[in-house]
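Student: Right, I'll just put the structure down here and ask away after.
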Amino acid sequence: MAMLEIDNLHAKIEGDEGREILKGLTLQVNPGEVHAIMGPNGSGKSTLSYILAGKEDYEVTEGSVTLDGEDLLEMEIDERAAKGVFLAFQYPIEVPGVATMTFLRSALNAQRKKRGEEEVSTPDFLRLIRERAANLGISQDMLKRGVNVGFSGGEKKRMEILQMAVLEPKLCILDETDSGLDIDALKIVSEGVNALRSPDRGMIVITHYQRLLNHIVPDFVHVMNNGRIVRSGGKELALELEANGYAEYQQSAA
Amino acid sequence: MNAEIRPIRTPAEQALVAALETLPAGGDRLAELRRTAARSFTENGLPHRRVEEWKYTDLRTILREAVPLAGPAAVARAEAGLKLLGEARARRIVVANGAVVPELSDLADLEPGLSIVSLAGAIAQGDERLSRLGGLVPARYDAALALNTALAKDGVLIEVAPGATIERPVQVASVFVGEAPAASYARNLVIVGAGARFTYVESFEGPEGVAYQTNSATEFLVGDEAHFDVVRAQDESATAVHLSTLLFDVGREALLHAFGFATGASVARTSLYATLSGNDSKVAFNGAALLKGRQHGDSTLFVDHAVPGCESRELFKHVLDDSSRGVFQGKIVVRQAAQKTDGRMMSRALVLGDDAEMDNKPELEIFADDVQCGHGATCGAIDEELLFYLRARGIPLKEAQSLLVQAFVGEAIETVEHDGLRDALVARAEGWLKARA
């Protein structure tokens, strides 16, 4: 069994009688693999990432998701994080009044506690943050501020990657991490992500454009349309999409 | 409303009127002040919900039963009851059951320019500064203040000489001692000389389970160009009724910041009256209240811009758990002469409990034409998106809520300038949240 096993997942917005957003999505991710999910706007990419992270606005109507054989959908949001699920948000939110250091430390220690590990000591924590922040070009001043408060789009994305680097998740889900980044920021963020590639870690990279995949080279590319994966292939599939667009998939879905 | 026929007096009103009738005749100006206040109470009684200023805090119902005046407190028991803000290492003056306790009060080695005496002592010695007591009078009858004026026999008189800088804050620490319900009244007068720098602190506490009543009033005379901070921490027991009145007169080009932090009392009402009587002063009246159970906390402010060029700011934060109720009433008056006034008030409430309630009543009364004034009020639950973000990083629900509530009240507490006091209040907010989790 794969680390992450998504089987025939159907979902809709909670309380909405209307249409399903996911219509039978199936995907397996193993440790060490990087999967890119590409697709047009409205295909359900972000919904998938939110459902994996546990956002309560969605209702799964059919299918299952397991992480290491455990039912992910039954777990609380913070429990999923402690089990190693990490969602790098497309639009990281500002949390005024909660200092970044306090936030990082609370998150790290809460996860460790849940896993039955010891809390990290202050000097160790400071050392860890200093080292990981420096790699991502995050200044001490940024760390002193409220989480994401007053950060530019690029700074927010770098902060997401810093959190990922500190929390060391098992499954990273990057939701349109390239959106709003200029080429320099894209480089920094991609290097940060690449540094976290490891044989123990799986990644799902959600993106609209092929550009990001020049920097984070995936092992698999999936095309998502209308709530399911309609084609899977290797990294060359991304180039094909860049050349031809999503039109043929959208037509076939209609 | 004025023509209304007085209802039959409640037992509490009857007892208070009876107590007021025992005030001696004759005597000096203070005795006359007391009798005037007593007469106005006898005429007007306790306010009820049809009196606009007390609409949300019906004192007539709340103080239905009469309680006797509190007797003297044993020193050791008063000392044992003092827990608030000790870590800020202020110079502490202890007022137990409405009377200064010299044994517990740090009156030694006063800094040059600082004078502290008990009000009772000042009265006994005929201190001429008492001529300034009772000089600040609200435009409309205030029952809590009238009772305080008539019944308070002691309290603290503090004077800071012009130009003096007093680094160490002075804390008037009020504590109730006793097992039986009783009421205590204390009156303070704080005179801050021109150009002086001073931080004044008030704290209130008492034993759990006792239905005691605290009535405190403090008059502040803030001189020209003074830089003056007031910090208050009210953590009365959850069975107590707390009434306090703060009266400010602010001179020219002064800087004044008052901050109130409240977690206590079954019912608390703080009325703040400020008159800006000197040009170009900057004042801020901020506060934070954390309430739970069935607690009721009312902050009512009247800021009167009488002269041109002043700036006033109000920021109040309420955190309301369970079925608690917060009240914020803020009124800014800008007189015709008070051109170039800049007045803003904001009240924000975070509602945690399903049955909690917040009542906001901001009012602006503007007679000048060249002013900038504004007010706002918000009331809502914890932002679900913020909660999701924190939980998605592994922070459990209760802890995530605590972090966000702390951030919410933190914005107000951060306005306290004195490091030690600010830290002490942050710690109190954290303690409140821990007790909740």
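By convention in this document, the chains of the structure tokens carry letters A, B, ... by their order, each chain's residues are numbered from 1, and ligands are numbered from 1 in the order they are shown.
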May I ask you to extract the residues of chain A within 7 Å of chain B, using only C-alpha atoms, and to give them as a ChimeraX atom specification?

Tutor: /A:53,55,77-79,81-82,95-98,106-107,110-111

Student: List the spatial neighbours of range 225-233 of chain A as an NGL selection string - criterion: any atom at most 6 Å away, only C-alpha atoms, same-chain residues fewer than 4 positions off excluded.

Tutor: :A and (21-25 or 39 or 43-44 or 220-221 or 237)

Student: As a list in words, please: the residues near Gly153 in chain A (cut-off 10 Å, only C-alpha atoms, same-chain neighbours under 3 positions excluded).

Tutor: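 The residues satisfying every condition are Gln90, Tyr91, Pro92, Asn148, Gly150, Lys156, Lys157, Arg158, Met159, Ser179, Gly180, Leu181, Asp182 and Ala185 of chain A.
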
Student: Can you write just those residues out, C-alpha atoms, as a PDB file, in the first residue's frame?

Tutor:
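Okay, out-v7.pdb is ready:
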```pdb
ATOM      1  CA  GLN A  90      -1.801  29.264  -2.026  1.00  0.00           C
ATOM      2  CA  TYR A  91      -2.711  32.400  -0.061  1.00  0.00           C
ATOM      3  CA  PRO A  92      -1.014  32.245   3.349  1.00  0.00           C
ATOM      4  CA  ASN A 148       2.923  36.889   7.608  1.00  0.00           C
ATOM      5  CA  GLY A 150       3.035  42.954   6.208  1.00  0.00           C
ATOM      6  CA  LYS A 156       4.664  34.693   2.527  1.00  0.00           C
ATOM      7  CA  LYS A 157       5.558  31.798   0.257  1.00  0.00           C
ATOM      8  CA  ARG A 158       9.059  31.632   1.689  1.00  0.00           C
ATOM      9  CA  MET A 159       7.530  31.564   5.174  1.00  0.00           C
ATOM     10  CA  SER A 179       1.450  31.994  -7.972  1.00  0.00           C
ATOM     11  CA  GLY A 180       2.460  35.610  -7.470  1.00  0.00           C
ATOM     12  CA  LEU A 181       6.191  34.884  -7.475  1.00  0.00           C
ATOM     13  CA  ASP A 182       8.696  36.667  -9.645  1.00  0.00           C
ATOM     14  CA  ALA A 185      11.453  34.411  -5.573  1.00  0.00           C
TER      15      ALA A 185
END
```

Student: Can you list, as an mmCIF file with C-alpha atoms, in the first residue's frame, every protein, DNA or RNA residue that comes within 9 Å of range 322-333 of chain B when you count only C-alpha atoms, leaving out same-chain residues fewer than 4 positions away?

Tutor:
```cif
data_model
loop_
_atom_site.group_PDB
_atom_site.id
_atom_site.type_symbol
_atom_site.label_atom_id
_atom_site.label_comp_id
_atom_site.auth_asym_id
_atom_site.auth_seq_id
_atom_site.Cartn_x
_atom_site.Cartn_y
_atom_site.Cartn_z
ATOM 1 C CA GLU B 53 -26.296 55.801 30.984
ATOM 2 C CA TYR B 56 -27.261 47.798 30.262
ATOM 3 C CA THR B 57 -26.281 47.761 33.929
ATOM 4 C CA ARG B 269 -19.118 49.018 36.028
ATOM 5 C CA ALA B 289 -11.881 42.655 29.607
ATOM 6 C CA LEU B 291 -15.185 37.550 31.031
ATOM 7 C CA LYS B 292 -16.696 34.112 31.540
ATOM 8 C CA GLY B 293 -19.547 32.389 33.348
ATOM 9 C CA ARG B 294 -22.277 34.934 33.898
ATOM 10 C CA GLN B 295 -19.954 37.878 34.477
ATOM 11 C CA HIS B 296 -21.076 41.324 33.412
ATOM 12 C CA GLY B 297 -18.537 44.040 32.618
ATOM 13 C CA ASP B 298 -19.487 47.595 31.700
ATOM 14 C CA SER B 299 -17.059 50.308 30.628
ATOM 15 C CA THR B 300 -18.685 53.659 30.081
ATOM 16 C CA LEU B 301 -16.681 56.678 28.985
ATOM 17 C CA PHE B 302 -17.445 60.353 28.548
ATOM 18 C CA VAL B 303 -14.719 62.373 26.897
ATOM 19 C CA ASP B 304 -15.344 66.087 26.741
ATOM 20 C CA HIS B 305 -13.247 68.107 24.311
ATOM 21 C CA ALA B 306 -13.680 71.600 25.742
ATOM 22 C CA SER B 312 -8.400 61.369 22.094
ATOM 23 C CA GLU B 314 -10.234 54.812 22.862
ATOM 24 C CA PHE B 316 -11.555 48.544 24.120
ATOM 25 C CA HIS B 318 -13.795 42.342 25.197
ATOM 26 C CA GLY B 343 -11.271 61.877 18.444
ATOM 27 C CA ARG B 344 -11.564 58.207 17.670
ATOM 28 C CA MET B 345 -12.975 55.258 19.510
ATOM 29 C CA SER B 347 -14.655 48.732 20.537
ATOM 30 C CA ALA B 349 -15.463 42.058 20.984
ATOM 31 C CA VAL B 351 -17.409 36.219 21.402
ATOM 32 C CA LEU B 352 -16.365 32.722 22.474
ATOM 33 C CA GLY B 353 -19.460 31.591 24.325
ATOM 34 C CA ASP B 354 -22.691 30.615 22.600
ATOM 35 C CA ASP B 355 -24.731 32.703 25.017
ATOM 36 C CA ALA B 356 -22.361 35.620 25.454
ATOM 37 C CA GLU B 357 -23.496 39.117 24.583
ATOM 38 C CA MET B 358 -21.842 42.399 23.718
ATOM 39 C CA ASP B 359 -23.555 45.756 23.814
ATOM 40 C CA ASN B 360 -21.821 48.652 22.106
ATOM 41 C CA LYS B 361 -23.062 52.195 22.251
ATOM 42 C CA PRO B 362 -20.719 54.760 20.736
ATOM 43 C CA GLU B 363 -21.902 58.353 20.583
ATOM 44 C CA LEU B 364 -20.449 61.504 19.078
ATOM 45 C CA GLU B 365 -21.770 64.946 19.890
ATOM 46 C CA ILE B 366 -19.985 67.547 17.812
ATOM 47 C CA PHE B 367 -20.559 71.295 17.987
ATOM 48 C CA CYS B 373 -13.996 62.124 14.769
#
```

Student: Which polymer residues have any atom within 10 Å of an atom of Ile51 in chain A, counting only C-alpha atoms, with same-chain residues fewer than 2 positions away left out, as a PyMOL selection string?

Tutor: chain A and resi 11+46-49+53-60+65+72-73+77

Student: Would you list, as a ChimeraX atom specification, the residues of range 6-189 of chain A that end up in alpha helix (DSSP H) under DSSP run on this structure's backbone?

Tutor: /A:45-53,77-82,100-114,122-135,140-144,153-167,183-189

Student: Create the file for the chosen residues now, containing C-alpha atoms and written as a short mmCIF file (atom, residue, chain, number, x, y, z; two decimals), in the first residue's frame.

Tutor:
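Generated output (out_35.cif):
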```cif
data_model
loop_
_atom_site.label_atom_id
_atom_site.label_comp_id
_atom_site.auth_asym_id
_atom_site.auth_seq_id
_atom_site.Cartn_x
_atom_site.Cartn_y
_atom_site.Cartn_z
CA LYS A 45 -6.97 21.08 -7.42
CA SER A 46 -7.24 23.37 -4.39
CA THR A 47 -10.26 21.46 -3.10
CA LEU A 48 -8.16 18.32 -3.07
CA SER A 49 -5.44 20.05 -1.05
CA TYR A 50 -7.94 21.41 1.46
CA ILE A 51 -9.62 18.05 1.91
CA LEU A 52 -6.27 16.40 2.58
CA ALA A 53 -5.43 19.08 5.18
CA ILE A 77 -6.87 18.90 11.43
CA ASP A 78 -4.01 19.12 13.94
CA GLU A 79 -3.78 15.34 14.17
CA ARG A 80 -3.17 15.15 10.42
CA ALA A 81 -0.38 17.69 10.78
CA ALA A 82 1.20 15.65 13.56
CA THR A 100 6.20 34.06 14.04
CA MET A 101 8.59 32.48 16.54
CA THR A 102 5.77 31.70 18.97
CA PHE A 103 3.75 30.23 16.15
CA LEU A 104 6.56 28.02 14.86
CA ARG A 105 7.43 26.83 18.31
CA SER A 106 3.82 26.10 19.29
CA ALA A 107 3.35 24.13 16.08
CA LEU A 108 6.56 22.14 16.39
CA ASN A 109 6.04 21.29 20.05
CA ALA A 110 2.37 20.46 19.61
CA GLN A 111 3.26 18.00 16.85
CA ARG A 112 6.07 16.47 18.86
CA LYS A 113 3.84 16.13 21.90
CA LYS A 114 1.18 14.39 19.86
CA THR A 122 14.83 26.92 23.46
CA PRO A 123 18.47 26.93 22.28
CA ASP A 124 17.86 24.02 19.92
CA PHE A 125 14.77 25.70 18.57
CA LEU A 126 16.54 29.01 17.99
CA ARG A 127 19.42 27.25 16.25
CA LEU A 128 17.02 25.32 14.03
CA ILE A 129 15.08 28.41 13.00
CA ARG A 130 18.17 30.50 12.41
CA GLU A 131 19.69 27.90 10.13
CA ARG A 132 16.54 27.13 8.14
CA ALA A 133 15.54 30.80 7.87
CA ALA A 134 18.95 31.82 6.57
CA ASN A 135 18.70 29.28 3.74
CA GLN A 140 15.36 38.06 11.91
CA ASP A 141 13.09 41.05 11.54
CA MET A 142 10.54 38.96 9.65
CA LEU A 143 10.64 36.34 12.39
CA LYS A 144 9.91 38.96 15.02
CA GLY A 153 3.54 37.65 -1.63
CA GLY A 154 7.02 36.18 -2.08
CA GLU A 155 7.84 36.52 1.60
CA LYS A 156 4.66 34.69 2.53
CA LYS A 157 5.56 31.80 0.26
CA ARG A 158 9.06 31.63 1.69
CA MET A 159 7.53 31.56 5.17
CA GLU A 160 5.42 28.58 4.13
CA ILE A 161 8.56 26.76 3.02
CA LEU A 162 10.28 27.69 6.27
CA GLN A 163 7.43 26.14 8.20
CA MET A 164 7.76 23.04 6.07
CA ALA A 165 11.49 22.91 6.71
CA VAL A 166 10.98 23.25 10.46
CA LEU A 167 8.09 20.80 10.79
CA ILE A 183 11.53 34.64 -11.11
CA ASP A 184 13.97 35.32 -8.25
CA ALA A 185 11.45 34.41 -5.57
CA LEU A 186 10.48 31.33 -7.54
CA LYS A 187 14.11 30.23 -7.51
CA ILE A 188 14.49 30.66 -3.77
CA VAL A 189 11.25 28.86 -3.04
#
```

Student: DSSP on the backbone: which residues in range 8-252 of chain B end up as strand (DSSP E)? Give the answer as a PyMOL selection string.

Tutor: chain B and resi 91-96+99-100+114-118+156-160+170-175+183-192+197-205+213-222+227-235+241-250
